[in-house]
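Dropping model-v8.pdb in here (PDB, C-alpha atoms and all ligand atoms):
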ATOM      1  CA  MET K1035      38.837  92.866  48.044  1.00  0.00           C
ATOM      2  CA  SER K1036      42.038  94.892  48.312  1.00  0.00           C
ATOM      3  CA  ALA K1037      43.489  92.474  50.885  1.00  0.00           C
ATOM      4  CA  VAL K1038      43.901  89.853  48.150  1.00  0.00           C
ATOM      5  CA  HIS K1039      46.587  92.065  46.622  1.00  0.00           C
ATOM      6  CA  ALA K1040      48.692  92.245  49.782  1.00  0.00           C
ATOM      7  CA  PRO K1041      52.275  91.130  49.039  1.00  0.00           C
ATOM      8  CA  ALA K1042      53.050  87.513  49.841  1.00  0.00           C
ATOM      9  CA  ARG K1043      54.304  87.003  53.386  1.00  0.00           C
ATOM     10  CA  PHE K1044      56.355  84.390  55.183  1.00  0.00           C
ATOM     11  CA  LEU K1045      54.770  83.348  58.488  1.00  0.00           C
ATOM     12  CA  THR K1046      56.230  80.944  61.016  1.00  0.00           C
ATOM     13  CA  PHE K1047      54.937  79.158  64.099  1.00  0.00           C
ATOM     14  CA  GLU K1048      57.311  78.244  66.911  1.00  0.00           C
ATOM     15  CA  GLY K1049      57.268  76.817  70.414  1.00  0.00           C
ATOM     16  CA  ILE K1050      58.358  73.866  72.509  1.00  0.00           C
ATOM     17  CA  ASP K1051      57.010  70.399  71.723  1.00  0.00           C
ATOM     18  CA  GLY K1052      53.441  70.103  73.004  1.00  0.00           C
ATOM     19  CA  ALA K1053      52.697  73.839  72.884  1.00  0.00           C
ATOM     20  CA  GLY K1054      49.758  73.151  70.538  1.00  0.00           C
ATOM     21  CA  LYS K1055      50.746  74.995  67.380  1.00  0.00           C
ATOM     22  CA  SER K1056      49.686  72.325  64.834  1.00  0.00           C
ATOM     23  CA  SER K1057      45.929  72.823  65.005  1.00  0.00           C
ATOM     24  CA  GLN K1058      46.368  76.581  65.135  1.00  0.00           C
ATOM     25  CA  ILE K1059      48.474  76.518  61.966  1.00  0.00           C
ATOM     26  CA  ALA K1060      45.631  74.780  60.139  1.00  0.00           C
ATOM     27  CA  GLY K1061      43.175  77.389  61.410  1.00  0.00           C
ATOM     28  CA  ALA K1062      45.394  80.309  60.404  1.00  0.00           C
ATOM     29  CA  CYS K1063      45.825  78.845  56.913  1.00  0.00           C
ATOM     30  CA  SER K1064      42.056  78.435  56.513  1.00  0.00           C
ATOM     31  CA  TRP K1065      41.555  82.038  57.617  1.00  0.00           C
ATOM     32  CA  LEU K1066      44.095  83.298  55.053  1.00  0.00           C
ATOM     33  CA  GLU K1067      42.666  81.106  52.270  1.00  0.00           C
ATOM     34  CA  ALA K1068      39.188  82.443  53.039  1.00  0.00           C
ATOM     35  CA  ARG K1069      40.561  85.867  52.105  1.00  0.00           C
ATOM     36  CA  GLY K1070      41.405  84.524  48.661  1.00  0.00           C
ATOM     37  CA  LEU K1071      45.138  84.212  49.234  1.00  0.00           C
ATOM     38  CA  ALA K1072      47.282  81.521  47.657  1.00  0.00           C
ATOM     39  CA  LEU K1073      49.453  79.839  50.266  1.00  0.00           C
ATOM     40  CA  ILE K1074      51.564  76.826  50.982  1.00  0.00           C
ATOM     41  CA  GLN K1075      51.759  75.173  54.362  1.00  0.00           C
ATOM     42  CA  THR K1076      55.084  73.563  55.137  1.00  0.00           C
ATOM     43  CA  ARG K1077      57.363  72.504  57.991  1.00  0.00           C
ATOM     44  CA  GLU K1078      60.923  72.194  59.241  1.00  0.00           C
ATOM     45  CA  PRO K1079      62.936  70.153  59.361  1.00  0.00           C
ATOM     46  CA  GLY K1080      61.390  68.995  56.091  1.00  0.00           C
ATOM     47  CA  GLY K1081      59.296  70.636  53.417  1.00  0.00           C
ATOM     48  CA  THR K1082      61.137  69.017  50.485  1.00  0.00           C
ATOM     49  CA  PRO K1083      61.857  65.350  49.631  1.00  0.00           C
ATOM     50  CA  LEU K1084      65.496  65.725  50.743  1.00  0.00           C
ATOM     51  CA  GLY K1085      64.457  67.754  53.787  1.00  0.00           C
ATOM     52  CA  GLU K1086      62.022  65.041  54.866  1.00  0.00           C
ATOM     53  CA  GLN K1087      64.817  62.452  54.651  1.00  0.00           C
ATOM     54  CA  LEU K1088      67.018  64.707  56.769  1.00  0.00           C
ATOM     55  CA  ARG K1089      64.093  65.086  59.207  1.00  0.00           C
ATOM     56  CA  THR K1090      63.956  61.321  59.701  1.00  0.00           C
ATOM     57  CA  LEU K1091      67.676  61.292  60.536  1.00  0.00           C
ATOM     58  CA  LEU K1092      67.434  64.353  62.782  1.00  0.00           C
ATOM     59  CA  LEU K1093      64.503  63.017  64.773  1.00  0.00           C
ATOM     60  CA  HIS K1094      65.833  59.496  65.242  1.00  0.00           C
ATOM     61  CA  GLU K1095      69.651  59.232  64.920  1.00  0.00           C
ATOM     62  CA  ALA K1096      72.057  60.270  67.652  1.00  0.00           C
ATOM     63  CA  MET K1097      74.640  62.740  66.308  1.00  0.00           C
ATOM     64  CA  HIS K1098      77.142  65.433  67.275  1.00  0.00           C
ATOM     65  CA  ILE K1099      75.584  68.801  68.113  1.00  0.00           C
ATOM     66  CA  ASP K1100      77.442  70.500  65.223  1.00  0.00           C
ATOM     67  CA  THR K1101      76.142  67.833  62.833  1.00  0.00           C
ATOM     68  CA  GLU K1102      72.611  68.411  64.129  1.00  0.00           C
ATOM     69  CA  ALA K1103      72.863  72.165  63.594  1.00  0.00           C
ATOM     70  CA  MET K1104      74.364  71.806  60.115  1.00  0.00           C
ATOM     71  CA  LEU K1105      71.742  69.265  59.027  1.00  0.00           C
ATOM     72  CA  MET K1106      68.964  71.595  60.247  1.00  0.00           C
ATOM     73  CA  PHE K1107      70.439  74.346  58.086  1.00  0.00           C
ATOM     74  CA  ALA K1108      71.089  71.975  55.159  1.00  0.00           C
ATOM     75  CA  ALA K1109      67.408  71.023  55.172  1.00  0.00           C
ATOM     76  CA  ARG K1110      66.528  74.727  55.469  1.00  0.00           C
ATOM     77  CA  ARG K1111      68.757  75.666  52.518  1.00  0.00           C
ATOM     78  CA  GLU K1112      66.913  73.158  50.357  1.00  0.00           C
ATOM     79  CA  HIS K1113      63.551  74.323  51.702  1.00  0.00           C
ATOM     80  CA  LEU K1114      64.359  77.941  50.847  1.00  0.00           C
ATOM     81  CA  ALA K1115      65.622  77.077  47.380  1.00  0.00           C
ATOM     82  CA  GLN K1116      62.914  74.622  46.398  1.00  0.00           C
ATOM     83  CA  ARG K1117      59.812  75.981  48.085  1.00  0.00           C
ATOM     84  CA  ILE K1118      59.892  79.094  50.250  1.00  0.00           C
ATOM     85  CA  LEU K1119      61.604  81.587  47.940  1.00  0.00           C
ATOM     86  CA  PRO K1120      59.922  80.414  44.700  1.00  0.00           C
ATOM     87  CA  ALA K1121      56.500  80.570  46.364  1.00  0.00           C
ATOM     88  CA  LEU K1122      57.039  84.083  47.702  1.00  0.00           C
ATOM     89  CA  ALA K1123      58.339  85.197  44.301  1.00  0.00           C
ATOM     90  CA  GLU K1124      55.092  83.969  42.741  1.00  0.00           C
ATOM     91  CA  GLY K1125      52.996  85.901  45.256  1.00  0.00           C
ATOM     92  CA  CYS K1126      52.120  82.826  47.291  1.00  0.00           C
ATOM     93  CA  TRP K1127      52.130  83.131  51.098  1.00  0.00           C
ATOM     94  CA  VAL K1128      54.225  80.596  53.008  1.00  0.00           C
ATOM     95  CA  VAL K1129      53.220  79.293  56.437  1.00  0.00           C
ATOM     96  CA  SER K1130      55.897  77.175  58.077  1.00  0.00           C
ATOM     97  CA  ASP K1131      55.790  75.061  61.206  1.00  0.00           C
ATOM     98  CA  ARG K1132      59.246  76.174  62.502  1.00  0.00           C
ATOM     99  CA  PHE K1133      62.253  77.913  60.901  1.00  0.00           C
ATOM    100  CA  SER K1134      65.618  79.217  62.191  1.00  0.00           C
ATOM    101  CA  ASP K1135      64.233  80.412  65.529  1.00  0.00           C
ATOM    102  CA  ALA K1136      63.818  76.707  66.332  1.00  0.00           C
ATOM    103  CA  THR K1137      67.520  76.120  65.722  1.00  0.00           C
ATOM    104  CA  TYR K1138      68.350  79.011  68.019  1.00  0.00           C
ATOM    105  CA  ALA K1139      65.999  77.699  70.713  1.00  0.00           C
ATOM    106  CA  TYR K1140      66.739  73.956  70.495  1.00  0.00           C
ATOM    107  CA  GLN K1141      70.372  73.772  69.372  1.00  0.00           C
ATOM    108  CA  VAL K1142      71.762  76.938  71.019  1.00  0.00           C
ATOM    109  CA  GLY K1143      69.397  77.131  74.005  1.00  0.00           C
ATOM    110  CA  GLY K1144      68.640  73.451  74.546  1.00  0.00           C
ATOM    111  CA  ARG K1145      71.845  71.731  73.477  1.00  0.00           C
ATOM    112  CA  GLY K1146      74.383  74.490  74.118  1.00  0.00           C
ATOM    113  CA  LEU K1147      75.607  75.078  70.553  1.00  0.00           C
ATOM    114  CA  ALA K1148      77.828  78.186  70.487  1.00  0.00           C
ATOM    115  CA  ALA K1149      75.696  81.167  69.464  1.00  0.00           C
ATOM    116  CA  ASP K1150      78.335  82.356  66.991  1.00  0.00           C
ATOM    117  CA  LYS K1151      78.164  79.020  65.123  1.00  0.00           C
ATOM    118  CA  PHE K1152      74.418  79.488  64.810  1.00  0.00           C
ATOM    119  CA  ALA K1153      74.881  83.094  63.658  1.00  0.00           C
ATOM    120  CA  ARG K1154      77.364  82.034  60.967  1.00  0.00           C
ATOM    121  CA  LEU K1155      75.066  79.315  59.629  1.00  0.00           C
ATOM    122  CA  GLU K1156      72.095  81.671  59.626  1.00  0.00           C
ATOM    123  CA  ALA K1157      74.115  84.384  57.819  1.00  0.00           C
ATOM    124  CA  TRP K1158      75.264  81.813  55.256  1.00  0.00           C
ATOM    125  CA  VAL K1159      71.887  80.202  54.565  1.00  0.00           C
ATOM    126  CA  HIS K1160      69.546  83.201  54.652  1.00  0.00           C
ATOM    127  CA  PRO K1161      71.432  86.503  54.924  1.00  0.00           C
ATOM    128  CA  GLY K1162      69.040  89.378  55.581  1.00  0.00           C
ATOM    129  CA  PHE K1163      65.988  87.147  55.307  1.00  0.00           C
ATOM    130  CA  GLN K1164      63.594  86.451  58.191  1.00  0.00           C
ATOM    131  CA  PRO K1165      59.903  85.612  58.522  1.00  0.00           C
ATOM    132  CA  ASP K1166      57.553  88.600  58.273  1.00  0.00           C
ATOM    133  CA  LEU K1167      55.772  87.422  61.402  1.00  0.00           C
ATOM    134  CA  THR K1168      56.452  84.658  63.912  1.00  0.00           C
ATOM    135  CA  PHE K1169      53.890  83.311  66.358  1.00  0.00           C
ATOM    136  CA  LEU K1170      55.695  81.958  69.404  1.00  0.00           C
ATOM    137  CA  PHE K1171      53.559  79.569  71.460  1.00  0.00           C
ATOM    138  CA  ASP K1172      54.841  79.984  74.988  1.00  0.00           C
ATOM    139  CA  LEU K1173      53.991  77.310  77.535  1.00  0.00           C
ATOM    140  CA  ASP K1174      55.237  75.879  80.824  1.00  0.00           C
ATOM    141  CA  PRO K1175      57.228  72.740  79.865  1.00  0.00           C
ATOM    142  CA  ALA K1176      55.382  70.732  82.531  1.00  0.00           C
ATOM    143  CA  ILE K1177      52.065  71.349  80.765  1.00  0.00           C
ATOM    144  CA  ALA K1178      53.623  70.744  77.346  1.00  0.00           C
ATOM    145  CA  ALA K1179      55.138  67.413  78.484  1.00  0.00           C
ATOM    146  CA  ALA K1180      51.738  66.227  79.686  1.00  0.00           C
ATOM    147  CA  ARG K1181      50.235  67.098  76.305  1.00  0.00           C
ATOM    148  CA  VAL K1182      52.991  65.212  74.415  1.00  0.00           C
ATOM    149  CA  ALA K1183      52.524  62.167  76.674  1.00  0.00           C
ATOM    150  CA  GLY K1184      48.768  62.348  76.086  1.00  0.00           C
ATOM    151  CA  THR K1185      49.151  61.868  72.318  1.00  0.00           C
ATOM    152  CA  GLY K1186      50.233  58.260  72.894  1.00  0.00           C
ATOM    153  CA  SER K1187      52.658  58.312  69.947  1.00  0.00           C
ATOM    154  CA  ALA K1188      56.280  57.213  70.415  1.00  0.00           C
ATOM    155  CA  PRO K1189      58.394  60.243  71.375  1.00  0.00           C
ATOM    156  CA  ASP K1190      61.224  61.290  69.030  1.00  0.00           C
ATOM    157  CA  ARG K1191      64.780  62.229  70.052  1.00  0.00           C
ATOM    158  CA  PHE K1192      63.738  65.762  71.038  1.00  0.00           C
ATOM    159  CA  GLU K1193      60.492  64.823  72.772  1.00  0.00           C
ATOM    160  CA  ARG K1194      62.459  62.412  74.971  1.00  0.00           C
ATOM    161  CA  GLU K1195      64.495  65.280  76.446  1.00  0.00           C
ATOM    162  CA  GLN K1196      64.031  66.210  80.113  1.00  0.00           C
ATOM    163  CA  ARG K1197      62.189  69.174  81.580  1.00  0.00           C
ATOM    164  CA  ASP K1198      65.347  71.289  82.030  1.00  0.00           C
ATOM    165  CA  PHE K1199      66.105  70.986  78.297  1.00  0.00           C
ATOM    166  CA  PHE K1200      62.686  72.455  77.480  1.00  0.00           C
ATOM    167  CA  GLU K1201      63.136  75.168  80.129  1.00  0.00           C
ATOM    168  CA  ARG K1202      66.280  76.247  78.246  1.00  0.00           C
ATOM    169  CA  VAL K1203      64.519  76.014  74.860  1.00  0.00           C
ATOM    170  CA  ARG K1204      61.661  78.131  76.182  1.00  0.00           C
ATOM    171  CA  ALA K1205      64.046  80.752  77.609  1.00  0.00           C
ATOM    172  CA  ALA K1206      65.986  80.935  74.321  1.00  0.00           C
ATOM    173  CA  TYR K1207      62.760  81.411  72.346  1.00  0.00           C
ATOM    174  CA  LEU K1208      61.682  84.224  74.679  1.00  0.00           C
ATOM    175  CA  ALA K1209      65.107  85.879  74.435  1.00  0.00           C
ATOM    176  CA  ARG K1210      64.962  85.739  70.644  1.00  0.00           C
ATOM    177  CA  ALA K1211      61.455  87.231  70.716  1.00  0.00           C
ATOM    178  CA  ALA K1212      62.573  90.006  73.072  1.00  0.00           C
ATOM    179  CA  ALA K1213      65.407  90.847  70.664  1.00  0.00           C
ATOM    180  CA  ASP K1214      62.981  91.303  67.755  1.00  0.00           C
ATOM    181  CA  PRO K1215      59.583  92.305  69.198  1.00  0.00           C
ATOM    182  CA  GLU K1216      58.318  93.662  65.874  1.00  0.00           C
ATOM    183  CA  ARG K1217      58.575  90.250  64.225  1.00  0.00           C
ATOM    184  CA  PHE K1218      57.328  88.109  67.114  1.00  0.00           C
ATOM    185  CA  CYS K1219      53.828  87.690  68.491  1.00  0.00           C
ATOM    186  CA  VAL K1220      54.161  85.737  71.746  1.00  0.00           C
ATOM    187  CA  ILE K1221      51.057  83.668  72.465  1.00  0.00           C
ATOM    188  CA  ASP K1222      50.126  82.348  75.904  1.00  0.00           C
ATOM    189  CA  ALA K1223      49.624  78.734  74.836  1.00  0.00           C
ATOM    190  CA  SER K1224      47.839  77.869  78.086  1.00  0.00           C
ATOM    191  CA  ALA K1225      44.840  79.894  76.863  1.00  0.00           C
ATOM    192  CA  SER K1226      41.824  78.172  75.295  1.00  0.00           C
ATOM    193  CA  PRO K1227      42.079  77.154  71.597  1.00  0.00           C
ATOM    194  CA  GLY K1228      39.347  79.679  70.785  1.00  0.00           C
ATOM    195  CA  ASP K1229      41.190  82.540  72.485  1.00  0.00           C
ATOM    196  CA  ILE K1230      44.476  81.605  70.784  1.00  0.00           C
ATOM    197  CA  SER K1231      42.840  81.437  67.379  1.00  0.00           C
ATOM    198  CA  ALA K1232      41.184  84.840  67.947  1.00  0.00           C
ATOM    199  CA  ARG K1233      44.540  86.348  68.928  1.00  0.00           C
ATOM    200  CA  ILE K1234      46.184  84.958  65.789  1.00  0.00           C
ATOM    201  CA  THR K1235      43.539  86.153  63.367  1.00  0.00           C
ATOM    202  CA  ALA K1236      43.381  89.583  65.040  1.00  0.00           C
ATOM    203  CA  THR K1237      47.162  89.884  64.689  1.00  0.00           C
ATOM    204  CA  LEU K1238      47.096  88.835  61.029  1.00  0.00           C
ATOM    205  CA  ALA K1239      44.271  91.272  60.299  1.00  0.00           C
ATOM    206  CA  GLU K1240      46.051  94.141  61.997  1.00  0.00           C
ATOM    207  CA  ARG K1241      49.491  93.471  60.511  1.00  0.00           C
ATOM    208  CA  PHE K1242      48.576  92.698  56.943  1.00  0.00           C
ATOM    209  CA  PHE K1243      45.003  93.665  56.167  1.00  0.00           C
ATOM    210  CA  ALA K1244      44.320  96.878  58.100  1.00  0.00           C
TER
HETATM  211  P1  LIG K1301      57.910  69.361  65.012  1.00  0.00           P
HETATM  212  O1  LIG K1301      57.571  69.262  63.574  1.00  0.00           O
HETATM  213  O2  LIG K1301      57.333  70.485  65.774  1.00  0.00           O
HETATM  214  O3  LIG K1301      57.586  68.011  65.760  1.00  0.00           O
HETATM  215  P2  LIG K1301      56.229  67.182  65.758  1.00  0.00           P
HETATM  216  O4  LIG K1301      55.997  66.691  64.375  1.00  0.00           O
HETATM  217  O5  LIG K1301      56.559  66.113  66.744  1.00  0.00           O
HETATM  218  O6  LIG K1301      55.170  68.145  66.223  1.00  0.00           O
HETATM  219  O7  LIG K1301      59.511  69.487  65.134  1.00  0.00           O
HETATM  220  C1  LIG K1301      60.346  68.411  65.107  1.00  0.00           C
HETATM  221  C2  LIG K1301      61.405  68.551  66.168  1.00  0.00           C
HETATM  222  O8  LIG K1301      62.589  69.138  65.624  1.00  0.00           O
HETATM  223  C3  LIG K1301      60.997  69.392  67.368  1.00  0.00           C
HETATM  224  O9  LIG K1301      61.260  68.644  68.538  1.00  0.00           O
HETATM  225  C4  LIG K1301      61.952  70.557  67.325  1.00  0.00           C
HETATM  226  C5  LIG K1301      63.127  70.065  66.533  1.00  0.00           C
HETATM  227  N1  LIG K1301      63.842  71.107  65.782  1.00  0.00           N
HETATM  228  C6  LIG K1301      65.107  71.508  66.202  1.00  0.00           C
HETATM  229  O10 LIG K1301      65.632  71.005  67.196  1.00  0.00           O
HETATM  230  N2  LIG K1301      65.769  72.462  65.477  1.00  0.00           N
HETATM  231  C7  LIG K1301      65.237  73.035  64.355  1.00  0.00           C
HETATM  232  O11 LIG K1301      65.882  73.893  63.720  1.00  0.00           O
HETATM  233  C8  LIG K1301      63.933  72.608  63.933  1.00  0.00           C
HETATM  234  C9  LIG K1301      63.325  73.194  62.695  1.00  0.00           C
HETATM  235  C10 LIG K1301      63.270  71.649  64.681  1.00  0.00           C
END
Would you mind writing the file's structure down as structure tokens?
Amino acid sequence: MSAVHAPARFLTFEGIDGAGKSSQIAGACSWLEARGLALIQTREPGGTPLGEQLRTLLLHEAMHIDTEAMLMFAARREHLAQRILPALAEGCWVVSDRFSDATYAYQVGGRGLAADKFARLEAWVHPGFQPDLTFLFDLDPAIAAARVAGTGSAPDRFEREQRDFFERVRAAYLARAAADPERFCVIDASASPGDISARITATLAERFFA
């Protein structure tokens, strides 16, 4: 099948907490693997042993906003060096639960980090490099909050934020998507899981296997 020889791609999934991307990531990976592609599934913050330690700090320790942004990018630098770039170089697709769009949405949009600080960190850590395709799960924060509460697990430092924080995160995600419509596929995350999955696989098929 010619599709197997498609060049390796870097795909990311984004959205506010509770938007429902986790199960869809698993489904997208299964769909790609069924086409005979090698892939790794990973996440941010995290994806490496050091990155996972930074994740624990980021999700549970109070810290200055600049520290938070720099630790997100420190974890990302390690992730790129240890996993993302080597995998792509070997022809292995990479599917990541979040990448730099999350820093733009949460730290710039949510927390109010200066956009130029974000831009400098992004230009330092991955100049000229972006995901090939980003699925943005867009959802009303009120619905997302109900979903997070329904999981019953203890909320982390981000999940404990108020509705207005997630309104700002959502708006920043949508602004970033509007600035790069070729890269982003915005998904209405209030749709049924079946409809979302169909939209994702149709987009993958059209973008990479047509
Ligand atoms: P996520 O893995 O989606 O959380 P969960 O395991 O609870 O589904 O992401 C962890 C949190 O980190 C999430 O609230 C968003 C936040 N985050 C940022 O604030 N900035 C970033 O750059 C990244 C990658 C994540």
Can you sort out the box for stretch 1062-1066 of chain K, edges along x, y and z, all listed atoms in, 8 Å on every side, with centre and edge lengths in Å to one decimal, as lines of an AutoDock Vina configuration file?
center_x = 43.7
center_y = 80.9
center_z = 57.7
size_x = 20.3
size_y = 20.9
size_z = 21.4
Give as a list in words the residues surrounding ligand LIG 1301 (chain K) up to a distance of 6 Å, considering all atoms listed in the file.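 Those residues are Asp1051, Glu1078, Pro1079, Met1106, Arg1132, Phe1133, Ser1134, Ala1136, Thr1137, Tyr1140, Gln1141, Phe1192 and Glu1193 of chain K.
One finds atom CA of K:Arg1241 at 25.8 Å from atom CA of K:Arg1110.
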Contacts of K:Ala1176 at 9 Å or less, counting all atoms listed in the file, minus same-chain residues fewer than 4 places along, as an mmCIF file with C-alpha atoms, in the frame of the given file?
data_model
loop_
_atom_site.group_PDB
_atom_site.id
_atom_site.type_symbol
_atom_site.label_atom_id
_atom_site.label_comp_id
_atom_site.auth_asym_id
_atom_site.auth_seq_id
_atom_site.Cartn_x
_atom_site.Cartn_y
_atom_site.Cartn_z
ATOM 1 C CA ALA K 1180 51.738 66.227 79.686
ATOM 2 C CA ARG K 1181 50.235 67.098 76.305
ATOM 3 C CA ARG K 1197 62.189 69.174 81.580
#
To verify the selection step, state as a PDB file with C-alpha atoms, in the coordinates of the input which residues the PyMOL selection byres (((chain K and resi 1156-1158) around 12) and not hetatm) yields on this input.
ATOM      1  CA  ALA K1103      72.863  72.165  63.594  1.00  0.00           C
ATOM      2  CA  MET K1104      74.364  71.806  60.115  1.00  0.00           C
ATOM      3  CA  MET K1106      68.964  71.595  60.247  1.00  0.00           C
ATOM      4  CA  PHE K1107      70.439  74.346  58.086  1.00  0.00           C
ATOM      5  CA  ALA K1108      71.089  71.975  55.159  1.00  0.00           C
ATOM      6  CA  ARG K1110      66.528  74.727  55.469  1.00  0.00           C
ATOM      7  CA  ARG K1111      68.757  75.666  52.518  1.00  0.00           C
ATOM      8  CA  PHE K1133      62.253  77.913  60.901  1.00  0.00           C
ATOM      9  CA  SER K1134      65.618  79.217  62.191  1.00  0.00           C
ATOM     10  CA  ASP K1135      64.233  80.412  65.529  1.00  0.00           C
ATOM     11  CA  ALA K1136      63.818  76.707  66.332  1.00  0.00           C
ATOM     12  CA  THR K1137      67.520  76.120  65.722  1.00  0.00           C
ATOM     13  CA  TYR K1138      68.350  79.011  68.019  1.00  0.00           C
ATOM     14  CA  ALA K1149      75.696  81.167  69.464  1.00  0.00           C
ATOM     15  CA  ASP K1150      78.335  82.356  66.991  1.00  0.00           C
ATOM     16  CA  LYS K1151      78.164  79.020  65.123  1.00  0.00           C
ATOM     17  CA  PHE K1152      74.418  79.488  64.810  1.00  0.00           C
ATOM     18  CA  ALA K1153      74.881  83.094  63.658  1.00  0.00           C
ATOM     19  CA  ARG K1154      77.364  82.034  60.967  1.00  0.00           C
ATOM     20  CA  LEU K1155      75.066  79.315  59.629  1.00  0.00           C
ATOM     21  CA  VAL K1159      71.887  80.202  54.565  1.00  0.00           C
ATOM     22  CA  HIS K1160      69.546  83.201  54.652  1.00  0.00           C
ATOM     23  CA  PRO K1161      71.432  86.503  54.924  1.00  0.00           C
ATOM     24  CA  GLY K1162      69.040  89.378  55.581  1.00  0.00           C
ATOM     25  CA  PHE K1163      65.988  87.147  55.307  1.00  0.00           C
ATOM     26  CA  GLN K1164      63.594  86.451  58.191  1.00  0.00           C
TER      27      GLN K1164
END
Please identify all polymer residues within 6 Å of stretch 1068-1076 of chain K, counting all atoms listed in the file, omitting same-chain residues fewer than 5 positions from it, and present them as a PyMOL selection string. chain K and resi 1038+1081+1126-1130
Selection to disk with C-alpha atoms, as a CSV table (one decimal), in the frame of the given file:
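The resulting again08.csv:
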chain,number,residue,atom,x,y,z
K,1038,VAL,CA,43.9,89.9,48.2
K,1081,GLY,CA,59.3,70.6,53.4
K,1126,CYS,CA,52.1,82.8,47.3
K,1127,TRP,CA,52.1,83.1,51.1
K,1128,VAL,CA,54.2,80.6,53.0
K,1129,VAL,CA,53.2,79.3,56.4
K,1130,SER,CA,55.9,77.2,58.1
Rank K:Gly1184, K:Leu1173, K:Arg1194, K:Thr1046 by their smallest atom-to-atom distance to K:Arg1217, using all atoms listed in the file, and report the top residue only. K:Thr1046
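From atom CA of K:Glu1048 back to atom CA of K:Arg1210, the distance works out to 11.3 Å.
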May I ask for the distance between atom CA of K:Leu1088 and atom CA of K:Pro1189, given in Å to one decimal place? 17.5 Å
Residue neighbourhood K:Ile1221, 7 Å, all atoms listed in the file, exclusion window fewer than 6 positions, as a list in words: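 Everything that qualifies: Phe1169, Leu1170, Phe1171 and Asp1172 of chain K.
Shortest atom-to-atom contact with K:Ala1188 among K:Trp1065, K:His1094, K:Ile1099, K:Leu1045: K:His1094, counting only C-alpha atoms.
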Find, counting all atoms listed in the file, the residue in K:Thr1090, K:Thr1082, K:Thr1235, K:Ser1187 that gets nearest to K:Ala1115.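 Closest residue, counting all atoms listed in the file: K:Thr1082.
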Reconstructed N, CA and C atoms for stretch 1160-1175 of chain K, given as a compact mmCIF listing (two decimals), keeping the file's coordinate frame:
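The result, written out as out.txt:
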# COMPACT_ATOMS: atom_id res chain seq x y z
N HIS K 1160 70.57 82.20 55.06
CA HIS K 1160 69.55 83.20 54.65
C HIS K 1160 69.93 84.61 55.12
N PRO K 1161 71.01 85.15 54.54
CA PRO K 1161 71.43 86.50 54.92
C PRO K 1161 70.33 87.52 54.68
N GLY K 1162 70.01 88.29 55.72
CA GLY K 1162 69.04 89.38 55.58
C GLY K 1162 67.61 88.94 55.39
N PHE K 1163 67.35 87.66 55.53
CA PHE K 1163 65.99 87.15 55.31
C PHE K 1163 65.46 86.55 56.60
N GLN K 1164 64.26 87.00 57.00
CA GLN K 1164 63.59 86.45 58.19
C GLN K 1164 62.10 86.37 57.90
N PRO K 1165 61.36 85.60 58.69
CA PRO K 1165 59.90 85.61 58.52
C PRO K 1165 59.35 87.03 58.71
N ASP K 1166 58.21 87.31 58.07
CA ASP K 1166 57.55 88.60 58.27
C ASP K 1166 56.89 88.65 59.64
N LEU K 1167 56.44 87.49 60.10
CA LEU K 1167 55.77 87.42 61.40
C LEU K 1167 55.95 86.02 61.97
N THR K 1168 56.25 85.95 63.24
CA THR K 1168 56.45 84.66 63.91
C THR K 1168 55.56 84.59 65.14
N PHE K 1169 54.71 83.56 65.17
CA PHE K 1169 53.89 83.31 66.36
C PHE K 1169 54.66 82.34 67.25
N LEU K 1170 55.00 82.82 68.44
CA LEU K 1170 55.70 81.96 69.40
C LEU K 1170 54.70 81.49 70.46
N PHE K 1171 54.46 80.17 70.47
CA PHE K 1171 53.56 79.57 71.46
C PHE K 1171 54.36 79.32 72.73
N ASP K 1172 54.07 80.09 73.75
CA ASP K 1172 54.84 79.98 74.99
C ASP K 1172 54.05 79.20 76.03
N LEU K 1173 54.70 78.18 76.59
CA LEU K 1173 53.99 77.31 77.54
C LEU K 1173 54.96 76.72 78.56
N ASP K 1174 54.47 76.55 79.78
CA ASP K 1174 55.24 75.88 80.82
C ASP K 1174 55.57 74.46 80.33
N PRO K 1175 56.85 74.08 80.35
CA PRO K 1175 57.23 72.74 79.86
C PRO K 1175 56.51 71.60 80.58
